[in-house]
Amino acid sequence: MHYAPRLNLNIMSTGNMNLTLKVWRQKNNKTKGALVDYQLADISPDMSFLEMFDVLNEQLINKGEEPVVFDHDCREGICGMCSMFINGRPHGPKDLVTTCQLHMRSFKDGDTIVVEPWRAAAFPVVKDLTVDRSAFDRVIAAGGFISVNTGNAQDANNLPIPKMHADAAFEAAACIGCGACVATCKNASAMLFVSAKISQLALLPQGQPERYRRVQSMVAQMDAEGFGNCTNTGACEAECPKGISLENIARMNRDFASAKFLSEETI
Amino acid sequence: MSGFGNALSSSIGRKYVMGITGIFLILFLIVHAGINSLIFLDDNGLKFNIGAHFMATNWIIRAGEYILFLGLLVHIYQAVNLTIQNRKARPEGYAAYNGNANSKWYSRSMGLLGTLLLIFLVIHLKDFWVVSRFTGIPTVDANGNEDLYAVMREKFQDPVRVVAYVLLMISLCYHLLHGFASAFQTMGWNHSKYNGLIKSVSVWYAIIISIVFALMPIAVYTHLIN
């Protein structure tokens, strides 16, 4: 099939949008924040949401005001840094995308867009739209690894792994740790994230020796961080930019029961 | 803390408690709806009174009643406990929150639905259980059994009570609609070959149980049964 090259030489004037942004501004974790209104004119529908924020920040800098602080890194939808709760949904209105992959064509001219940080006790606001997600790092440090002496990689066929397990482990490993699951959950529960990190190892032979110690340690750390409890609403799965499945939570619950009630290994 | 105590005080352990007590209450509702459905035989409550008499006198059932109340109290206690924890997990709410975009309203409202059911339960126990166990059923039927059916007929002459019962059965339906499948997910009983079955059984269970219960006050009030 032949694709014609897309030419849009008149990008700054055709179909551009005027928007009202209501952005959460908060100096730091000690002070109270509030939504502040900003007007943006001539926004191209081909911009990403973060590029639109770059335009806003340039305006603010030119006016001598402080720019809006927000997290971002790869801008390719794979690093999990960008957050932003947009019009009541993490990463905005589109399914299976991060904020950097959300484009302004998903909005209409004249729209008002409310942008807030992830809200959870375990994710304290650092400034404006940036939150501290190091609680996730501590959960991983509690057991989201396998202890092996590294050396030369062994032959790939030494460890036969059923295709369906390999696929399920890969799908769990697609989690980028962005925290959208926590942000959207009405209880600010981190079960989808933690279960994905447990599942990606529990499904593979390399993860077996520490399987039951891992689930106990990581769940204990998750609880210690102050995340809420899962009530199976399924919001996390629906909002996850990587489509992590609720099956992982069931697997974690199953492993946790085995670890606590059947395994002799305690933490 | 011991292994078991440690397990049950964790977030997942508390959810197991909710799931197990929930499944227990789900099973109880089947027995309750089954025996109450005997009124639809339209035999002036004779079979229903036999069933009620058996439930009130059989020692296994009576022992089960204590376990049932215990299960209910644990379910309520743990629900309150989890709700308080969940509130603490998000001290500052969102200015804009579009829950309907990603989840069903009733899955997010289990606390509200459960509270309505608790209010119903207080009324319901006062209407029938207290009469049956403590204050005494005043009349006997043609078989000489205590006529609990007569008590039911008398209570369901009150249109306000009938409407309240029916509305609260709608709460029950939504509570079960989420609770049934949710209990399986919590217990980790998730399997690609059975997930569809669990989902459809949970929907049919919630609808049938609620309709059967709601039909009782309607049928008595409208004299569909005598």
# chains A, B, ... in the order shown; residues from 1 in each chain; ligands from 1
>>> interface_residues(of="chain A", to="chain B", cutoff="6 Å", atoms="only C-alpha atoms", output="ChimeraX atom specification")
/A:87-88,120-121,187-188,226-229,232-233,235,238,250-251,253-254
>>> write_last_selection(atoms="N, CA and C atoms", output="tab-separated table (two decimals), in the first residue's frame")
chain	number	residue	atom	x	y	z
A	87	ASN	N	-9.25	16.18	33.01
A	87	ASN	CA	-10.72	16.10	32.97
A	87	ASN	C	-11.25	14.84	33.67
A	88	GLY	N	-10.70	14.54	34.81
A	88	GLY	CA	-11.22	13.44	35.62
A	88	GLY	C	-10.67	12.07	35.27
A	120	ALA	N	-2.91	10.85	45.86
A	120	ALA	CA	-2.86	9.71	46.78
A	120	ALA	C	-1.92	10.08	47.92
A	121	ALA	N	-2.25	9.59	49.11
A	121	ALA	CA	-1.39	9.88	50.26
A	121	ALA	C	0.02	9.34	50.01
A	187	ASN	N	-9.93	4.21	45.66
A	187	ASN	CA	-9.29	3.96	46.94
A	187	ASN	C	-7.79	4.23	46.91
A	188	ALA	N	-7.28	4.74	45.79
A	188	ALA	CA	-5.84	4.94	45.62
A	188	ALA	C	-5.07	3.66	45.92
A	226	GLY	N	0.92	3.12	52.48
A	226	GLY	CA	-0.35	3.83	52.67
A	226	GLY	C	-1.26	3.86	51.46
A	227	PHE	N	-1.08	2.90	50.54
A	227	PHE	CA	-2.03	2.80	49.44
A	227	PHE	C	-3.35	2.23	49.98
A	228	GLY	N	-4.43	2.46	49.26
A	228	GLY	CA	-5.73	1.95	49.70
A	228	GLY	C	-5.92	0.50	49.32
A	229	ASN	N	-7.14	0.01	49.54
A	229	ASN	CA	-7.44	-1.41	49.28
A	229	ASN	C	-8.24	-1.56	47.99
A	232	ASN	N	-12.04	-3.95	43.46
A	232	ASN	CA	-12.37	-4.61	42.19
A	232	ASN	C	-13.31	-3.80	41.30
A	233	THR	N	-13.15	-2.49	41.27
A	233	THR	CA	-14.00	-1.70	40.37
A	233	THR	C	-13.54	-1.86	38.92
A	235	ALA	N	-11.34	0.04	37.47
A	235	ALA	CA	-10.94	1.33	36.90
A	235	ALA	C	-9.47	1.32	36.48
A	238	ALA	N	-8.98	-0.35	33.17
A	238	ALA	CA	-9.54	0.48	32.09
A	238	ALA	C	-8.64	1.67	31.77
A	250	ALA	N	-5.70	-11.08	40.61
A	250	ALA	CA	-6.19	-12.38	41.08
A	250	ALA	C	-5.00	-13.31	41.33
A	251	ARG	N	-4.00	-13.26	40.43
A	251	ARG	CA	-2.82	-14.13	40.60
A	251	ARG	C	-2.06	-13.76	41.88
A	253	ASN	N	-3.34	-12.31	44.54
A	253	ASN	CA	-4.16	-12.72	45.69
A	253	ASN	C	-3.98	-14.22	45.96
A	254	ARG	N	-3.93	-15.00	44.86
A	254	ARG	CA	-3.76	-16.44	44.96
A	254	ARG	C	-2.39	-16.77	45.56
>>> select_by_dssp(residues="segment 13-261 of chain A", states="strand (DSSP E or B)", output="CSV table (one decimal) with N, CA and C atoms, in the first residue's frame")
chain,number,residue,atom,x,y,z
A,17,MET,N,-6.9,25.8,18.0
A,17,MET,CA,-7.9,25.9,19.1
A,17,MET,C,-7.5,26.9,20.1
A,18,ASN,N,-8.6,27.5,20.7
A,18,ASN,CA,-8.5,28.3,21.9
A,18,ASN,C,-9.0,27.5,23.1
A,19,LEU,N,-8.2,27.5,24.1
A,19,LEU,CA,-8.6,26.6,25.2
A,19,LEU,C,-8.5,27.4,26.6
A,20,THR,N,-9.3,26.9,27.5
A,20,THR,CA,-9.1,27.4,28.9
A,20,THR,C,-8.6,26.2,29.7
A,21,LEU,N,-7.5,26.4,30.4
A,21,LEU,CA,-6.9,25.4,31.2
A,21,LEU,C,-7.1,25.8,32.7
A,22,LYS,N,-7.5,24.8,33.4
A,22,LYS,CA,-7.6,24.9,34.9
A,22,LYS,C,-6.5,24.0,35.5
A,23,VAL,N,-5.4,24.6,35.9
A,23,VAL,CA,-4.2,23.8,36.2
A,23,VAL,C,-4.0,23.9,37.7
A,24,TRP,N,-3.7,22.7,38.3
A,24,TRP,CA,-3.4,22.7,39.8
A,24,TRP,C,-2.0,23.3,40.0
A,25,ARG,N,-2.0,24.4,40.8
A,25,ARG,CA,-0.7,25.0,41.2
A,25,ARG,C,-0.5,24.8,42.7
A,34,ALA,N,-4.2,25.1,44.5
A,34,ALA,CA,-5.5,25.6,44.0
A,34,ALA,C,-5.5,25.5,42.5
A,35,LEU,N,-6.6,25.4,41.9
A,35,LEU,CA,-6.7,25.4,40.4
A,35,LEU,C,-6.6,26.9,39.9
A,36,VAL,N,-5.7,27.1,38.9
A,36,VAL,CA,-5.5,28.4,38.3
A,36,VAL,C,-5.9,28.4,36.9
A,37,ASP,N,-6.7,29.4,36.4
A,37,ASP,CA,-7.1,29.4,35.0
A,37,ASP,C,-6.1,30.1,34.1
A,38,TYR,N,-5.9,29.4,33.0
A,38,TYR,CA,-5.0,30.0,31.9
A,38,TYR,C,-5.7,29.9,30.6
A,39,GLN,N,-5.5,31.0,29.8
A,39,GLN,CA,-6.1,31.0,28.4
A,39,GLN,C,-5.0,30.7,27.4
A,40,LEU,N,-5.3,29.8,26.5
A,40,LEU,CA,-4.3,29.5,25.5
A,40,LEU,C,-4.9,29.7,24.1
A,41,ALA,N,-4.2,30.3,23.2
A,41,ALA,CA,-4.8,30.6,21.9
A,41,ALA,C,-3.9,29.9,20.8
A,42,ASP,N,-4.6,29.6,19.7
A,42,ASP,CA,-3.9,29.0,18.5
A,42,ASP,C,-3.1,27.8,18.8
A,43,ILE,N,-3.8,26.8,19.5
A,43,ILE,CA,-3.1,25.6,19.8
A,43,ILE,C,-3.4,24.6,18.6
A,48,SER,N,1.1,17.4,21.0
A,48,SER,CA,0.8,16.5,22.1
A,48,SER,C,0.4,17.4,23.3
A,85,PHE,N,-3.8,14.2,35.7
A,85,PHE,CA,-5.2,13.8,35.7
A,85,PHE,C,-6.0,14.8,34.9
A,86,ILE,N,-6.4,14.4,33.8
A,86,ILE,CA,-7.0,15.4,32.8
A,86,ILE,C,-8.5,15.2,32.7
A,89,ARG,N,-9.7,12.0,34.4
A,89,ARG,CA,-9.1,10.7,34.0
A,89,ARG,C,-7.6,10.8,33.9
A,90,PRO,N,-6.9,9.7,34.4
A,90,PRO,CA,-5.4,9.8,34.3
A,90,PRO,C,-5.0,9.7,32.8
A,103,HIS,N,-3.0,13.6,22.0
A,103,HIS,CA,-2.9,14.8,21.1
A,103,HIS,C,-4.0,15.8,21.3
A,112,THR,N,-12.7,23.6,28.1
A,112,THR,CA,-12.1,23.9,29.3
A,112,THR,C,-11.5,22.5,29.8
A,113,ILE,N,-10.2,22.5,30.1
A,113,ILE,CA,-9.5,21.3,30.5
A,113,ILE,C,-9.0,21.4,31.9
A,114,VAL,N,-9.4,20.5,32.8
A,114,VAL,CA,-9.0,20.5,34.2
A,114,VAL,C,-7.8,19.6,34.3
A,115,VAL,N,-6.6,20.1,34.8
A,115,VAL,CA,-5.4,19.2,34.9
A,115,VAL,C,-5.0,19.2,36.4
A,116,GLU,N,-5.0,18.0,36.9
A,116,GLU,CA,-4.6,17.9,38.4
A,116,GLU,C,-3.4,16.8,38.5
A,120,ALA,N,-2.9,10.9,45.9
A,120,ALA,CA,-2.9,9.7,46.8
A,120,ALA,C,-1.9,10.1,47.9
A,123,PHE,N,1.5,9.2,47.2
A,123,PHE,CA,2.2,10.0,46.1
A,123,PHE,C,2.1,11.5,46.5
A,125,VAL,N,2.5,15.4,46.6
A,125,VAL,CA,2.8,16.4,45.6
A,125,VAL,C,4.1,17.0,45.9
A,126,VAL,N,5.0,17.1,44.9
A,126,VAL,CA,6.3,17.7,45.0
A,126,VAL,C,6.1,19.2,44.7
A,127,LYS,N,5.5,19.4,43.5
A,127,LYS,CA,5.2,20.8,43.1
A,127,LYS,C,4.2,20.7,41.9
A,130,THR,N,3.7,17.6,39.6
A,130,THR,CA,4.6,16.5,39.9
A,130,THR,C,4.4,15.9,41.3
A,131,VAL,N,4.3,14.6,41.3
A,131,VAL,CA,4.2,13.9,42.6
A,131,VAL,C,5.4,13.0,42.8
A,189,SER,N,-5.6,2.5,45.4
A,189,SER,CA,-4.9,1.3,45.6
A,189,SER,C,-3.9,1.0,44.5
A,228,GLY,N,-4.4,2.5,49.3
A,228,GLY,CA,-5.7,2.0,49.7
A,228,GLY,C,-5.9,0.5,49.3
>>> closest_residue(among="A:Phe107, A:Gln206, A:Asp95, A:Cys240", to="Ile161 of chain A", atoms="only C-alpha atoms")
A:Gln206
>>> residues_around(residues="segment 122-128 of chain B", least_positions_apart="5", cutoff="9 Å", atoms="only C-alpha atoms", output="MDAnalysis selection string")
chainID B and resid 117 133 148 151:152 155 165
>>> write_last_selection(atoms="N, CA and C atoms", output="PDB file, in the first residue's frame")
ATOM      1  N   LEU B 117     -28.608  -1.582  52.808  1.00  0.00           N
ATOM      2  CA  LEU B 117     -28.998  -2.950  53.149  1.00  0.00           C
ATOM      3  C   LEU B 117     -28.997  -3.177  54.664  1.00  0.00           C
ATOM      4  N   ARG B 133     -38.651 -15.287  66.851  1.00  0.00           N
ATOM      5  CA  ARG B 133     -37.792 -15.833  67.895  1.00  0.00           C
ATOM      6  C   ARG B 133     -38.163 -15.369  69.301  1.00  0.00           C
ATOM      7  N   LEU B 148     -46.271 -18.023  60.471  1.00  0.00           N
ATOM      8  CA  LEU B 148     -45.405 -16.901  60.091  1.00  0.00           C
ATOM      9  C   LEU B 148     -45.934 -16.231  58.825  1.00  0.00           C
ATOM     10  N   VAL B 151     -48.142 -13.452  59.627  1.00  0.00           N
ATOM     11  CA  VAL B 151     -47.367 -12.251  60.007  1.00  0.00           C
ATOM     12  C   VAL B 151     -46.937 -11.512  58.745  1.00  0.00           C
ATOM     13  N   MET B 152     -46.468 -12.291  57.753  1.00  0.00           N
ATOM     14  CA  MET B 152     -46.019 -11.705  56.486  1.00  0.00           C
ATOM     15  C   MET B 152     -47.167 -10.965  55.793  1.00  0.00           C
ATOM     16  N   LYS B 155     -47.869  -7.698  57.644  1.00  0.00           N
ATOM     17  CA  LYS B 155     -46.833  -6.660  57.449  1.00  0.00           C
ATOM     18  C   LYS B 155     -46.915  -6.064  56.041  1.00  0.00           C
ATOM     19  N   TYR B 165     -39.365  -2.201  50.822  1.00  0.00           N
ATOM     20  CA  TYR B 165     -38.771  -3.518  50.592  1.00  0.00           C
ATOM     21  C   TYR B 165     -38.323  -3.663  49.133  1.00  0.00           C
TER      22      TYR B 165
END
>>> select_by_dssp(residues="segment 20-165 of chain A", states="alpha helix (DSSP H)", output="ChimeraX atom specification")
/A:49-62,134-141,163-165
>>> write_last_selection(atoms="C-alpha atoms", output="PDB file, in the first residue's frame")
ATOM      1  CA  PHE A  49      -0.712  17.445  25.448  1.00  0.00           C
ATOM      2  CA  LEU A  50       2.769  18.015  26.861  1.00  0.00           C
ATOM      3  CA  GLU A  51       3.735  20.238  23.926  1.00  0.00           C
ATOM      4  CA  MET A  52       0.637  22.292  24.690  1.00  0.00           C
ATOM      5  CA  PHE A  53       1.999  22.612  28.242  1.00  0.00           C
ATOM      6  CA  ASP A  54       5.359  23.672  26.794  1.00  0.00           C
ATOM      7  CA  VAL A  55       3.520  26.504  24.991  1.00  0.00           C
ATOM      8  CA  LEU A  56       1.785  27.478  28.235  1.00  0.00           C
ATOM      9  CA  ASN A  57       5.094  27.488  30.110  1.00  0.00           C
ATOM     10  CA  GLU A  58       6.752  29.614  27.449  1.00  0.00           C
ATOM     11  CA  GLN A  59       3.944  32.145  27.839  1.00  0.00           C
ATOM     12  CA  LEU A  60       4.348  32.118  31.608  1.00  0.00           C
ATOM     13  CA  ILE A  61       8.137  32.546  31.394  1.00  0.00           C
ATOM     14  CA  ASN A  62       7.721  35.449  28.937  1.00  0.00           C
ATOM     15  CA  SER A 134       9.178   6.691  44.992  1.00  0.00           C
ATOM     16  CA  ALA A 135       6.698   4.525  46.951  1.00  0.00           C
ATOM     17  CA  PHE A 136       6.658   2.341  43.824  1.00  0.00           C
ATOM     18  CA  ASP A 137      10.467   2.105  43.911  1.00  0.00           C
ATOM     19  CA  ARG A 138      10.360   0.945  47.531  1.00  0.00           C
ATOM     20  CA  VAL A 139       7.761  -1.711  46.655  1.00  0.00           C
ATOM     21  CA  ILE A 140      10.075  -2.988  43.900  1.00  0.00           C
ATOM     22  CA  ALA A 141      13.078  -2.875  46.226  1.00  0.00           C
ATOM     23  CA  LYS A 163       4.077 -19.777  25.287  1.00  0.00           C
ATOM     24  CA  MET A 164       1.031 -18.639  27.233  1.00  0.00           C
ATOM     25  CA  HIS A 165       3.142 -18.079  30.360  1.00  0.00           C
TER      26      HIS A 165
END
>>> atom_distance(atom1="atom CA of Met218 of chain A", atom2="atom CA of Ala142 of chain A")
5.4 Å
>>> residues_around(residues="segment 208-216 of chain A", least_positions_apart="3", cutoff="6 Å", atoms="only C-alpha atoms", output="ChimeraX atom specification")
/A:143,202,205,219,256,259
>>> write_last_selection(atoms="C-alpha atoms", output="PDB file, in the first residue's frame")
ATOM      1  CA  GLY A 143      11.116  -8.000  46.318  1.00  0.00           C
ATOM      2  CA  ALA A 202       5.858 -15.503  39.229  1.00  0.00           C
ATOM      3  CA  PRO A 205      10.938 -20.273  36.102  1.00  0.00           C
ATOM      4  CA  VAL A 219       2.434  -6.594  49.648  1.00  0.00           C
ATOM      5  CA  PHE A 256      -0.474 -14.336  48.707  1.00  0.00           C
ATOM      6  CA  ALA A 259       2.418 -17.834  50.755  1.00  0.00           C
TER       7      ALA A 259
END
>>> residues_around(residues="Thr21 of chain B", least_positions_apart="2", cutoff="8 Å", atoms="only C-alpha atoms", output="list in words")
Val17, Met18, Gly19, Ile23, Phe24, Leu25, Gly71, Leu72, Val74 and His75 of chain B
>>> write_last_selection(atoms="N, CA and C atoms", output="PDB file, in the first residue's frame")
ATOM      1  N   VAL B  17     -11.287 -11.712  53.938  1.00  0.00           N
ATOM      2  CA  VAL B  17     -12.362 -11.760  54.933  1.00  0.00           C
ATOM      3  C   VAL B  17     -13.664 -11.255  54.311  1.00  0.00           C
ATOM      4  N   MET B  18     -13.572 -10.160  53.569  1.00  0.00           N
ATOM      5  CA  MET B  18     -14.771  -9.623  52.885  1.00  0.00           C
ATOM      6  C   MET B  18     -15.319 -10.652  51.893  1.00  0.00           C
ATOM      7  N   GLY B  19     -14.414 -11.266  51.146  1.00  0.00           N
ATOM      8  CA  GLY B  19     -14.827 -12.220  50.110  1.00  0.00           C
ATOM      9  C   GLY B  19     -15.462 -13.471  50.708  1.00  0.00           C
ATOM     10  N   ILE B  23     -19.288 -14.531  50.305  1.00  0.00           N
ATOM     11  CA  ILE B  23     -19.736 -15.786  49.664  1.00  0.00           C
ATOM     12  C   ILE B  23     -20.659 -16.552  50.622  1.00  0.00           C
ATOM     13  N   PHE B  24     -20.338 -16.515  51.899  1.00  0.00           N
ATOM     14  CA  PHE B  24     -21.180 -17.153  52.904  1.00  0.00           C
ATOM     15  C   PHE B  24     -22.584 -16.526  52.903  1.00  0.00           C
ATOM     16  N   LEU B  25     -22.633 -15.194  52.848  1.00  0.00           N
ATOM     17  CA  LEU B  25     -23.931 -14.505  52.837  1.00  0.00           C
ATOM     18  C   LEU B  25     -24.679 -14.777  51.529  1.00  0.00           C
ATOM     19  N   GLY B  71     -20.765 -13.785  60.696  1.00  0.00           N
ATOM     20  CA  GLY B  71     -20.272 -13.477  59.357  1.00  0.00           C
ATOM     21  C   GLY B  71     -20.703 -12.088  58.915  1.00  0.00           C
ATOM     22  N   LEU B  72     -21.941 -11.759  59.208  1.00  0.00           N
ATOM     23  CA  LEU B  72     -22.491 -10.455  58.828  1.00  0.00           C
ATOM     24  C   LEU B  72     -21.751  -9.326  59.552  1.00  0.00           C
ATOM     25  N   VAL B  74     -18.764  -9.431  60.864  1.00  0.00           N
ATOM     26  CA  VAL B  74     -17.376  -9.345  60.383  1.00  0.00           C
ATOM     27  C   VAL B  74     -17.347  -8.614  59.026  1.00  0.00           C
ATOM     28  N   HIS B  75     -18.317  -8.944  58.165  1.00  0.00           N
ATOM     29  CA  HIS B  75     -18.416  -8.302  56.840  1.00  0.00           C
ATOM     30  C   HIS B  75     -18.584  -6.780  57.006  1.00  0.00           C
TER      31      HIS B  75
END
>>> closest_residue(among="B:Phe54, B:Phe69, B:Phe120, B:Phe40", to="Leu168 of chain B", atoms="only C-alpha atoms")
B:Phe120
>>> atom_distance(atom1="atom CA of Thr150 of chain A", atom2="atom CA of Gln200 of chain A")
19.1 Å
>>> closest_residue(among="A:Gly64, A:Gly77, A:Gly179, A:Gly144", to="Glu237 of chain A", atoms="only C-alpha atoms")
A:Gly179
>>> atom_distance(atom1="atom CA of Gly45 of chain B", atom2="atom CA of Phe213 of chain B")
15.8 Å
